[in-house]
file entry-v5.txt (compact mmCIF, C-alpha atoms and all ligand atoms)
# COMPACT_ATOMS: atom_id res chain seq x y z
CA MET J 1 94.30 75.78 79.11
CA GLU J 2 95.68 78.68 81.08
CA SER J 3 98.41 79.63 78.64
CA ASN J 4 95.97 80.43 75.81
CA LEU J 5 93.51 82.45 77.90
CA ARG J 6 92.99 85.84 76.27
CA ILE J 7 90.33 88.50 76.64
CA ASN J 8 88.42 89.92 73.66
CA GLY J 9 90.24 93.22 73.09
CA ASP J 10 87.69 94.57 70.60
CA ARG J 11 84.82 94.00 73.03
CA LEU J 12 86.74 95.68 75.87
CA TRP J 13 87.61 98.66 73.66
CA GLU J 14 83.95 98.95 72.60
CA ALA J 15 82.74 98.81 76.23
CA LEU J 16 85.23 101.52 77.30
CA HIS J 17 83.92 103.87 74.64
CA GLN J 18 80.27 103.11 75.27
CA MET J 19 80.82 103.98 78.96
CA ALA J 20 82.71 107.12 77.90
CA GLU J 21 79.50 108.42 76.23
CA ILE J 22 77.97 108.79 79.70
CA GLY J 23 78.90 112.02 81.49
CA PRO J 24 80.92 113.50 78.60
CA GLY J 25 83.44 116.26 79.32
CA VAL J 26 83.88 119.35 77.17
CA ARG J 27 86.99 118.16 75.29
CA GLY J 28 86.36 114.47 74.65
CA GLY J 29 87.01 113.22 78.18
CA ASN J 30 84.54 112.63 81.00
CA ASN J 31 82.80 114.49 83.79
CA ARG J 32 81.02 111.61 85.58
CA GLN J 33 81.54 112.71 89.16
CA THR J 34 80.50 110.46 91.98
CA LEU J 35 76.80 110.22 92.90
CA THR J 36 75.71 112.54 90.10
CA ASP J 37 72.99 111.58 87.61
CA ALA J 38 75.76 110.72 85.13
CA ASP J 39 77.36 108.38 87.68
CA ALA J 40 73.97 106.75 88.24
CA GLU J 41 73.54 106.25 84.49
CA GLY J 42 76.98 104.67 84.23
CA ARG J 43 76.22 102.41 87.20
CA ARG J 44 72.98 101.24 85.59
CA LEU J 45 74.77 100.44 82.32
CA PHE J 46 77.45 98.52 84.24
CA GLN J 47 74.72 96.60 86.15
CA ARG J 48 72.94 95.67 82.91
CA TRP J 49 76.20 94.39 81.44
CA CYS J 50 76.98 92.34 84.55
CA GLU J 51 73.51 90.79 84.63
CA ALA J 52 73.75 90.01 80.89
CA ALA J 53 76.99 88.16 81.73
CA GLY J 54 75.07 86.00 84.21
CA MET J 55 76.25 87.77 87.36
CA GLY J 56 74.15 88.74 90.35
CA VAL J 57 74.83 92.32 91.57
CA GLY J 58 74.96 93.20 95.27
CA ILE J 59 75.22 96.79 96.53
CA ASP J 60 76.49 97.82 99.96
CA LYS J 61 75.55 100.80 102.10
CA MET J 62 78.24 102.93 100.44
CA GLY J 63 76.85 102.14 96.99
CA THR J 64 79.77 99.94 96.01
CA MET J 65 78.64 97.40 93.39
CA PHE J 66 79.70 93.72 93.56
CA ALA J 67 78.89 91.49 90.56
CA THR J 68 79.44 87.79 91.28
CA ARG J 69 80.31 84.96 88.86
CA GLN J 70 79.74 81.77 90.82
CA GLY J 71 82.58 79.29 91.36
CA THR J 72 82.26 75.52 91.66
CA ASP J 73 82.89 75.76 95.41
CA PRO J 74 80.40 78.22 96.96
CA ASP J 75 82.34 78.11 100.24
CA ALA J 76 85.60 79.20 98.62
CA LEU J 77 86.50 82.84 99.29
CA PRO J 78 85.90 84.89 96.14
CA VAL J 79 88.60 86.65 94.14
CA TYR J 80 87.62 90.32 93.81
CA VAL J 81 88.71 92.44 90.85
CA GLY J 82 87.72 95.97 89.93
CA SER J 83 88.26 99.71 90.30
CA HIS J 84 86.01 102.81 89.96
CA LEU J 85 83.63 104.34 87.39
CA ASP J 86 83.54 107.84 88.88
CA THR J 87 85.73 110.45 87.15
CA GLN J 88 87.34 113.80 87.77
CA PRO J 89 85.38 116.87 86.55
CA THR J 90 87.82 117.10 83.62
CA GLY J 91 88.79 113.45 83.66
CA GLY J 92 89.87 110.95 81.07
CA ARG J 93 87.95 107.97 79.72
CA TYR J 94 90.18 105.26 81.21
CA ASP J 95 91.15 106.24 84.80
CA GLY J 96 89.31 103.64 86.91
CA VAL J 97 87.02 102.60 84.08
CA LEU J 98 89.65 100.34 82.52
CA GLY J 99 89.87 98.43 85.80
CA VAL J 100 86.12 97.90 86.14
CA LEU J 101 85.43 97.01 82.49
CA GLY J 102 88.65 94.99 82.23
CA ALA J 103 87.31 92.90 85.12
CA LEU J 104 83.93 92.54 83.41
CA GLU J 105 85.75 91.46 80.23
CA ILE J 106 87.45 88.66 82.19
CA VAL J 107 84.01 87.26 83.12
CA ARG J 108 82.70 87.67 79.57
CA SER J 109 85.76 85.78 78.29
CA LEU J 110 85.42 83.01 80.89
CA ASN J 111 81.80 82.62 79.76
CA ASP J 112 82.83 82.47 76.09
CA LEU J 113 85.48 79.85 76.90
CA ASN J 114 83.12 78.02 79.25
CA VAL J 115 85.86 77.98 81.86
CA LYS J 116 84.91 77.35 85.46
CA THR J 117 86.86 78.39 88.54
CA LYS J 118 86.77 76.93 92.05
CA HIS J 119 86.56 80.35 93.71
CA PRO J 120 83.80 82.81 92.73
CA ILE J 121 84.98 85.94 90.92
CA VAL J 122 83.49 89.29 91.95
CA VAL J 123 83.72 92.41 89.77
CA VAL J 124 83.73 95.65 91.82
CA ASN J 125 82.84 99.29 91.19
CA TRP J 126 83.99 101.26 94.29
CA THR J 127 82.06 104.45 95.14
CA ASN J 128 83.87 107.81 95.12
CA GLU J 129 87.46 106.87 94.38
CA GLU J 130 88.32 110.34 93.08
CA GLY J 131 87.48 112.36 96.21
CA THR J 132 86.85 115.52 94.18
CA ARG J 133 83.16 116.13 94.91
CA PHE J 134 83.44 114.55 98.37
CA ALA J 135 86.92 114.47 99.98
CA PRO J 136 88.78 112.23 100.82
CA PRO J 137 89.54 110.01 97.84
CA MET J 138 89.00 106.21 97.93
CA LEU J 139 86.08 106.84 100.25
CA ALA J 140 84.03 103.62 99.93
CA SER J 141 87.08 101.35 99.91
CA GLY J 142 88.24 103.24 103.01
CA VAL J 143 84.96 102.48 104.78
CA PHE J 144 85.20 98.86 103.58
CA ALA J 145 88.72 98.61 105.08
CA GLY J 146 87.55 100.10 108.39
CA VAL J 147 89.52 103.35 107.96
CA HIS J 148 86.37 105.54 108.00
CA THR J 149 83.01 104.93 109.70
CA LEU J 150 79.88 104.74 107.56
CA ASP J 151 78.26 107.66 109.43
CA TRP J 152 81.30 109.87 108.96
CA ALA J 153 81.27 109.09 105.23
CA TYR J 154 77.49 109.67 104.95
CA ASN J 155 77.84 113.16 106.42
CA LEU J 156 80.56 114.40 104.06
CA LYS J 157 79.31 117.42 102.12
CA ASP J 158 79.99 118.68 98.59
CA ALA J 159 80.40 122.39 97.69
CA GLU J 160 76.59 122.74 97.58
CA GLY J 161 76.13 121.19 101.04
CA LYS J 162 74.68 117.92 99.74
CA THR J 163 75.80 114.85 101.72
CA VAL J 164 77.05 111.47 100.53
CA GLY J 165 74.15 109.74 102.29
CA GLU J 166 71.52 111.98 100.66
CA GLU J 167 73.06 111.62 97.21
CA LEU J 168 73.32 107.83 97.48
CA GLU J 169 69.61 107.79 98.38
CA ARG J 170 68.72 110.19 95.55
CA ILE J 171 70.42 108.16 92.80
CA GLY J 172 69.02 104.89 94.15
CA PHE J 173 72.35 103.22 95.01
CA LYS J 174 72.23 103.17 98.80
CA GLY J 175 72.40 99.39 99.17
CA GLU J 176 71.54 97.11 102.09
CA GLU J 177 74.79 95.15 102.50
CA GLU J 178 76.99 95.99 105.49
CA VAL J 179 80.17 97.66 104.24
CA GLY J 180 83.18 95.41 104.77
CA ALA J 181 81.21 92.26 105.54
CA ARG J 182 82.50 90.56 102.41
CA LYS J 183 85.68 88.46 102.86
CA MET J 184 88.14 88.23 99.98
CA ARG J 185 90.69 85.61 98.91
CA ALA J 186 92.44 88.41 97.03
CA PHE J 187 91.79 91.73 95.27
CA PHE J 188 93.31 92.76 91.93
CA GLU J 189 93.05 96.17 90.25
CA LEU J 190 94.03 97.10 86.69
CA HIS J 191 94.73 100.83 86.24
CA ILE J 192 96.45 103.15 83.78
CA GLU J 193 99.80 104.31 85.16
CA GLN J 194 98.87 108.02 85.19
CA GLY J 195 102.62 108.69 84.90
CA PRO J 196 105.29 108.62 82.13
CA ILE J 197 107.55 105.69 83.12
CA LEU J 198 106.09 102.69 81.24
CA GLU J 199 105.67 104.53 77.95
CA ALA J 200 109.14 106.15 78.21
CA GLU J 201 110.76 102.75 78.82
CA GLY J 202 108.64 100.97 76.22
CA LYS J 203 107.18 98.61 78.79
CA ASP J 204 103.74 97.02 78.33
CA ILE J 205 103.02 96.26 81.99
CA GLY J 206 103.70 97.81 85.40
CA VAL J 207 103.97 95.22 88.19
CA VAL J 208 102.94 97.45 91.09
CA THR J 209 104.90 96.53 94.20
CA HIS J 210 104.14 99.67 96.24
CA GLY J 211 101.93 102.76 96.31
CA GLN J 212 103.08 106.15 97.59
CA GLY J 213 101.33 107.72 100.57
CA LEU J 214 99.25 110.92 100.49
CA ASN J 215 98.46 113.84 102.80
CA TRP J 216 95.78 116.42 101.96
CA THR J 217 95.91 119.52 104.21
CA GLU J 218 93.06 122.02 103.90
CA ILE J 219 94.24 125.54 104.77
CA THR J 220 91.95 128.50 105.47
CA LEU J 221 93.54 131.98 105.55
CA ILE J 222 91.53 134.93 106.87
CA GLY J 223 92.65 138.47 105.97
CA LYS J 224 90.64 141.62 105.27
CA GLU J 225 88.57 142.45 102.21
CA SER J 226 89.33 145.95 100.92
CA HIS J 227 89.53 147.98 97.74
CA THR J 228 92.29 146.82 95.37
CA GLY J 229 92.76 150.41 94.17
CA SER J 230 92.50 152.73 97.14
CA THR J 231 93.99 150.60 99.94
CA PRO J 232 97.67 151.50 100.49
CA MET J 233 99.96 148.44 100.15
CA LYS J 234 101.13 148.57 103.77
CA MET J 235 97.53 148.53 105.03
CA ARG J 236 96.54 145.36 103.18
CA VAL J 237 95.86 142.00 104.84
CA ASN J 238 95.81 139.97 101.63
CA ALA J 239 94.74 136.32 102.03
CA GLY J 240 95.53 135.75 98.33
CA LEU J 241 99.15 136.75 98.94
CA GLY J 242 99.33 134.16 101.72
CA MET J 243 98.08 131.44 99.38
CA ALA J 244 100.61 132.47 96.73
CA ARG J 245 103.53 132.25 99.20
CA ILE J 246 102.30 128.88 100.54
CA THR J 247 102.01 127.59 96.96
CA GLU J 248 105.68 128.47 96.48
CA LEU J 249 106.51 126.80 99.84
CA VAL J 250 104.78 123.53 98.84
CA ASP J 251 106.87 123.33 95.67
CA LYS J 252 110.10 124.09 97.59
CA ILE J 253 109.39 121.41 100.23
CA ALA J 254 108.74 118.73 97.58
CA LEU J 255 111.95 119.62 95.69
CA GLU J 256 113.92 119.38 98.96
CA HIS J 257 112.86 115.71 99.04
CA ALA J 258 113.53 114.92 95.37
CA PRO J 259 113.37 112.65 93.42
CA ASP J 260 110.26 110.89 94.74
CA ALA J 261 108.34 113.47 96.78
CA VAL J 262 105.67 115.61 95.11
CA GLY J 263 103.46 118.50 96.21
CA ALA J 264 100.88 120.85 94.68
CA ILE J 265 97.67 122.78 95.32
CA GLY J 266 94.86 121.69 92.99
CA HIS J 267 91.84 123.11 94.79
CA CYS J 268 91.39 126.73 95.87
CA GLU J 269 88.45 129.00 96.69
CA VAL J 270 88.94 132.76 96.84
CA TYR J 271 86.41 134.97 98.64
CA PRO J 272 84.71 137.14 97.59
CA ASN J 273 86.45 136.45 94.25
CA SER J 274 85.81 139.93 92.86
CA ARG J 275 88.30 141.58 90.54
CA ASN J 276 88.59 144.72 92.64
CA ILE J 277 88.44 143.33 96.17
CA ILE J 278 91.52 142.12 98.00
CA PRO J 279 90.72 138.50 99.02
CA GLY J 280 89.56 138.44 102.63
CA LYS J 281 89.51 134.62 102.76
CA VAL J 282 91.01 131.75 100.82
CA VAL J 283 90.46 128.01 101.32
CA PHE J 284 92.79 125.59 99.52
CA THR J 285 94.02 121.99 99.73
CA VAL J 286 97.70 121.01 99.71
CA ASP J 287 98.39 117.56 98.18
CA GLN J 288 101.76 116.09 99.36
CA ARG J 289 102.92 112.55 98.51
CA SER J 290 105.93 110.26 98.91
CA PRO J 291 106.67 106.52 98.95
CA ASP J 292 108.52 107.13 102.24
CA LYS J 293 106.44 107.65 105.41
CA ALA J 294 109.20 109.65 107.14
CA VAL J 295 109.37 112.02 104.17
CA MET J 296 105.57 112.42 104.19
CA ASP J 297 105.67 113.36 107.87
CA ALA J 298 108.61 115.76 107.36
CA MET J 299 106.86 117.50 104.46
CA GLU J 300 103.63 117.90 106.44
CA GLU J 301 105.57 119.36 109.39
CA LYS J 302 107.49 121.82 107.18
CA LEU J 303 104.22 122.88 105.56
CA GLN J 304 102.56 123.59 108.90
CA GLN J 305 105.53 125.56 110.26
CA GLY J 306 106.07 127.50 107.05
CA ALA J 307 102.40 128.30 106.55
CA ARG J 308 102.11 129.66 110.12
CA ARG J 309 105.18 131.85 109.54
CA ILE J 310 103.74 133.22 106.28
CA ALA J 311 100.38 133.94 107.91
CA GLU J 312 102.10 135.79 110.76
CA GLU J 313 104.21 137.90 108.37
CA ILE J 314 101.07 139.07 106.55
CA GLY J 315 98.86 139.28 109.64
CA LEU J 316 96.48 136.51 108.54
CA GLN J 317 94.51 134.09 110.69
CA ILE J 318 95.21 130.49 109.69
CA GLU J 319 93.38 127.18 110.21
CA MET J 320 94.78 123.86 108.96
CA GLN J 321 93.19 120.42 108.99
CA ARG J 322 94.08 117.10 107.44
CA VAL J 323 91.29 116.12 105.02
CA GLY J 324 92.91 113.12 103.38
CA HIS J 325 95.61 110.61 104.30
CA PHE J 326 96.96 107.17 103.60
CA ASP J 327 100.36 105.68 104.36
CA PRO J 328 102.65 104.26 101.67
CA VAL J 329 101.53 100.75 100.70
CA THR J 330 103.45 97.49 100.12
CA PHE J 331 101.28 95.12 98.09
CA ASP J 332 100.98 91.38 98.78
CA GLU J 333 104.02 89.47 97.53
CA ALA J 334 102.10 86.41 96.32
CA CYS J 335 99.61 88.53 94.39
CA VAL J 336 102.41 90.66 92.94
CA THR J 337 104.17 87.47 91.86
CA ALA J 338 100.97 86.24 90.18
CA VAL J 339 100.92 89.49 88.19
CA ARG J 340 104.60 89.23 87.27
CA ASN J 341 104.27 85.53 86.27
CA ALA J 342 101.26 86.40 84.10
CA ALA J 343 103.21 89.11 82.27
CA GLU J 344 106.12 86.67 81.76
CA ARG J 345 103.83 83.85 80.56
CA LEU J 346 102.11 86.17 78.10
CA GLY J 347 105.39 87.57 76.82
CA TYR J 348 104.74 91.19 77.78
CA SER J 349 107.64 93.48 78.71
CA HIS J 350 107.24 94.62 82.33
CA ARG J 351 108.94 96.38 85.23
CA ASN J 352 108.26 96.91 88.90
CA LEU J 353 106.47 100.16 89.65
CA ILE J 354 105.52 102.34 92.62
CA SER J 355 102.06 103.81 92.04
CA GLY J 356 102.16 107.62 92.08
CA ALA J 357 98.38 107.88 92.34
CA GLY J 358 96.17 106.52 95.11
CA HIS J 359 93.81 103.65 94.33
CA ASP J 360 91.10 101.63 96.06
CA ALA J 361 93.65 98.80 96.13
CA CYS J 362 95.68 100.89 98.61
CA TRP J 363 92.95 100.52 101.23
CA ILE J 364 91.82 97.00 100.32
CA ASN J 365 95.42 95.89 100.82
CA ARG J 366 94.67 96.29 104.54
CA VAL J 367 91.97 93.60 104.57
CA ALA J 368 92.92 91.21 101.76
CA PRO J 369 96.00 90.15 99.75
CA THR J 370 96.09 92.79 97.00
CA ALA J 371 98.06 93.69 93.88
CA MET J 372 97.73 96.01 90.88
CA VAL J 373 98.47 95.76 87.18
CA MET J 374 99.29 98.96 85.28
CA CYS J 375 99.40 99.79 81.60
CA PRO J 376 101.03 102.86 80.02
CA CYS J 377 99.16 106.03 79.09
CA VAL J 378 100.20 108.56 76.44
CA ASP J 379 102.72 111.10 77.80
CA GLY J 380 101.81 109.82 81.29
CA LEU J 381 98.88 112.23 81.18
CA SER J 382 95.84 111.68 83.40
CA HIS J 383 93.27 113.79 85.28
CA ASN J 384 93.05 115.58 81.94
CA GLU J 385 90.46 115.10 79.19
CA ASP J 386 93.27 114.34 76.74
CA GLU J 387 94.13 111.13 78.66
CA GLU J 388 94.83 108.43 76.06
CA ILE J 389 95.80 104.76 75.95
CA SER J 390 96.17 102.35 73.05
CA LYS J 391 93.89 99.36 72.50
CA GLU J 392 96.99 97.16 72.68
CA TRP J 393 97.93 98.54 76.10
CA ALA J 394 94.38 98.00 77.38
CA GLU J 395 94.37 94.45 76.01
CA ALA J 396 97.77 93.60 77.51
CA GLY J 397 96.75 94.92 80.92
CA ALA J 398 93.46 93.02 80.86
CA ASN J 399 95.19 89.79 79.75
CA VAL J 400 97.66 90.00 82.63
CA LEU J 401 94.78 90.74 85.02
CA PHE J 402 92.94 87.73 83.53
CA HIS J 403 95.79 85.35 84.20
CA ALA J 404 96.48 86.66 87.71
CA VAL J 405 92.80 86.41 88.65
CA VAL J 406 92.25 82.96 87.14
CA GLU J 407 95.46 81.59 88.69
CA THR J 408 94.18 82.77 92.08
CA ALA J 409 90.59 81.61 91.47
CA GLU J 410 91.85 78.17 90.32
CA ILE J 411 90.49 76.79 87.06
CA VAL J 412 88.42 73.59 87.48
CA GLY J 413 88.28 70.80 84.88
O1 LIG U 1 94.32 111.30 93.92
C1 LIG U 1 94.58 110.18 93.49
O2 LIG U 1 95.71 109.74 93.56
C2 LIG U 1 93.52 109.33 92.83
O3 LIG U 1 93.58 109.55 91.46
N1 LIG U 1 92.21 109.61 93.32
MN MN U 2 91.76 106.08 89.41
MN MN U 3 91.81 109.51 89.27
call {"tool": "encode", "arguments": {"input": "entry-v5.txt", "output": "structure tokens"}}
result
Amino acid sequence: MESNLRINGDRLWEALHQMAEIGPGVRGGNNRQTLTDADAEGRRLFQRWCEAAGMGVGIDKMGTMFATRQGTDPDALPVYVGSHLDTQPTGGRYDGVLGVLGALEIVRSLNDLNVKTKHPIVVVNWTNEEGTRFAPPMLASGVFAGVHTLDWAYNLKDAEGKTVGEELERIGFKGEEEVGARKMRAFFELHIEQGPILEAEGKDIGVVTHGQGLNWTEITLIGKESHTGSTPMKMRVNAGLGMARITELVDKIALEHAPDAVGAIGHCEVYPNSRNIIPGKVVFTVDQRSPDKAVMDAMEEKLQQGARRIAEEIGLQIEMQRVGHFDPVTFDEACVTAVRNAAERLGYSHRNLISGAGHDACWINRVAPTAMVMCPCVDGLSHNEDEEISKEWAEAGANVLFHAVVETAEIVG
């Protein structure tokens, strides 16, 4: 029975593109940021699909959605499988979404095949994985894993001062369930690689053994606003210059720890952001990552020392605070083996992989045996509206996820 289990690739592909119509971007991708009206619309569509597949949907106090397919043994710990439906502001159509709808497709296929499992299977949509509108990323899975408190998460504000708690209330997805009360037999997440390795090596599947760690440092530089034309160069206290030199420093630090370390600044606010006023204040976030904890710590230390030196040279005030963090992750060996065995059984080419991006699985790995399945994406491009995958890649990833989940949930009869 197990060896011929396959998902319906056409139905999965159709679902991905129906979801992609909600919160469209400006170039064919998506802008379905967390807790916006578009996110709410996507959640409602997902809920309708889950209920049509015979699942009951529970929602916790962070808005995370749990759709349950009953097992034959109601006391058996469920196998959880899912990802996130929220996107970047200029995001692709598959980041996160493939993992949620691939999980839904598993249930649809089990229904078609009339296959029962001992353990219930729960499909998950985690709230605010991206961390763009509300930093940090993987917020709801972080609360679920006990990394953040619910109150701390509720009080996080977006650029307009709206809080997570208010926005959950407004879109009608502030559930009743206690966050983290659910116990899992295992958690599996299917995700696009968001990097170039699988495609470059012609591999169908990434068997994710580890995930690199992340530090986000928010830096505020205070200088002095003045006229860009009439202020003599030696009298300027240019916060923009400080940001430029720190941008260069972040790149240099990452390259000193090649080949695995990375660093960049993706978010910056310049005040007053007028063409003919020297910036008096800049606020920006430094994103540094490595699979090695010691390297992460060294990079953060070098950043703090270097940024203080640059601020002093220019005469700027500087404030730094960590606004996002998770350590490098080693996924559960048994779950990783289930993924690798599934790829072998199905005849897909595969290789071990360290995830470059963060995922909800990185936090859930703290509270349940966890593993990830990855599929290639074109040119390794993601967090870009041109993000692309092939239907075959999506199907292969979902089939491997299917086998790993069903093996863990134990087919009955
Ligand atoms: O930032 C990340 O790694 C994830 O895509 N949120
Ligand atoms: Mn993602
Ligand atoms: Mn993402």
call {"tool": "closest_residue", "arguments": {"input": "entry-v5.txt", "among": "J:Phe331, J:Lys252, J:Arg133, J:Ala200", "to": "J:Glu160", "atoms": "only C-alpha atoms"}}
result
J:Arg133
call {"tool": "residues_near_ligand", "arguments": {"input": "entry-v5.txt", "ligand": "ligand MN 2 (chain U)", "cutoff": "8 Å", "atoms": "all atoms listed in the file", "output": "list in words"}}
result
Ser83, His84, Thr87, Asp95, Gly96, Val97, Glu129, Glu130, His191, Ile192, Ala357, Gly358 and His359 of chain J
call {"tool": "residues_around", "arguments": {"input": "entry-v5.txt", "residues": "stretch 206-219 of chain J", "least_positions_apart": "5", "cutoff": "6 Å", "atoms": "all atoms listed in the file", "output": "tab-separated table (two decimals) with C-alpha atoms, keeping the file's coordinate frame"}}
result
chain	number	residue	atom	x	y	z
J	283	VAL	CA	90.46	128.01	101.32
J	284	PHE	CA	92.79	125.59	99.52
J	285	THR	CA	94.02	121.99	99.73
J	286	VAL	CA	97.70	121.01	99.71
J	287	ASP	CA	98.39	117.56	98.18
J	288	GLN	CA	101.76	116.09	99.36
J	289	ARG	CA	102.92	112.55	98.51
J	290	SER	CA	105.93	110.26	98.91
J	291	PRO	CA	106.67	106.52	98.95
J	319	GLU	CA	93.38	127.18	110.21
J	320	MET	CA	94.78	123.86	108.96
J	321	GLN	CA	93.19	120.42	108.99
J	322	ARG	CA	94.08	117.10	107.44
J	323	VAL	CA	91.29	116.12	105.02
J	324	GLY	CA	92.91	113.12	103.38
J	325	HIS	CA	95.61	110.61	104.30
J	326	PHE	CA	96.96	107.17	103.60
J	327	ASP	CA	100.36	105.68	104.36
J	328	PRO	CA	102.65	104.26	101.67
J	329	VAL	CA	101.53	100.75	100.70
J	330	THR	CA	103.45	97.49	100.12
J	331	PHE	CA	101.28	95.12	98.09
J	350	HIS	CA	107.24	94.62	82.33
J	351	ARG	CA	108.94	96.38	85.23
J	352	ASN	CA	108.26	96.91	88.90
J	353	LEU	CA	106.47	100.16	89.65
J	354	ILE	CA	105.52	102.34	92.62
J	355	SER	CA	102.06	103.81	92.04
J	356	GLY	CA	102.16	107.62	92.08
J	372	MET	CA	97.73	96.01	90.88
J	373	VAL	CA	98.47	95.76	87.18
J	374	MET	CA	99.29	98.96	85.28
call {"tool": "closest_residue", "arguments": {"input": "entry-v5.txt", "among": "J:Arg170, J:Arg11, J:Arg48, J:Lys203", "to": "J:Tyr348", "atoms": "only C-alpha atoms"}}
result
J:Lys203
call {"tool": "closest_residue", "arguments": {"input": "entry-v5.txt", "among": "J:Thr220, J:Thr34, J:Thr117, J:Gln305", "to": "J:Gly131", "atoms": "all atoms listed in the file"}}
result
J:Thr34
call {"tool": "atom_distance", "arguments": {"input": "entry-v5.txt", "atom1": "atom CA of J:Gly306", "atom2": "atom CA of J:Gly223"}}
result
17.4 Å
call {"tool": "atom_distance", "arguments": {"input": "entry-v5.txt", "atom1": "atom CA of J:Ile277", "atom2": "atom CA of J:Leu221"}}
result
15.6 Å
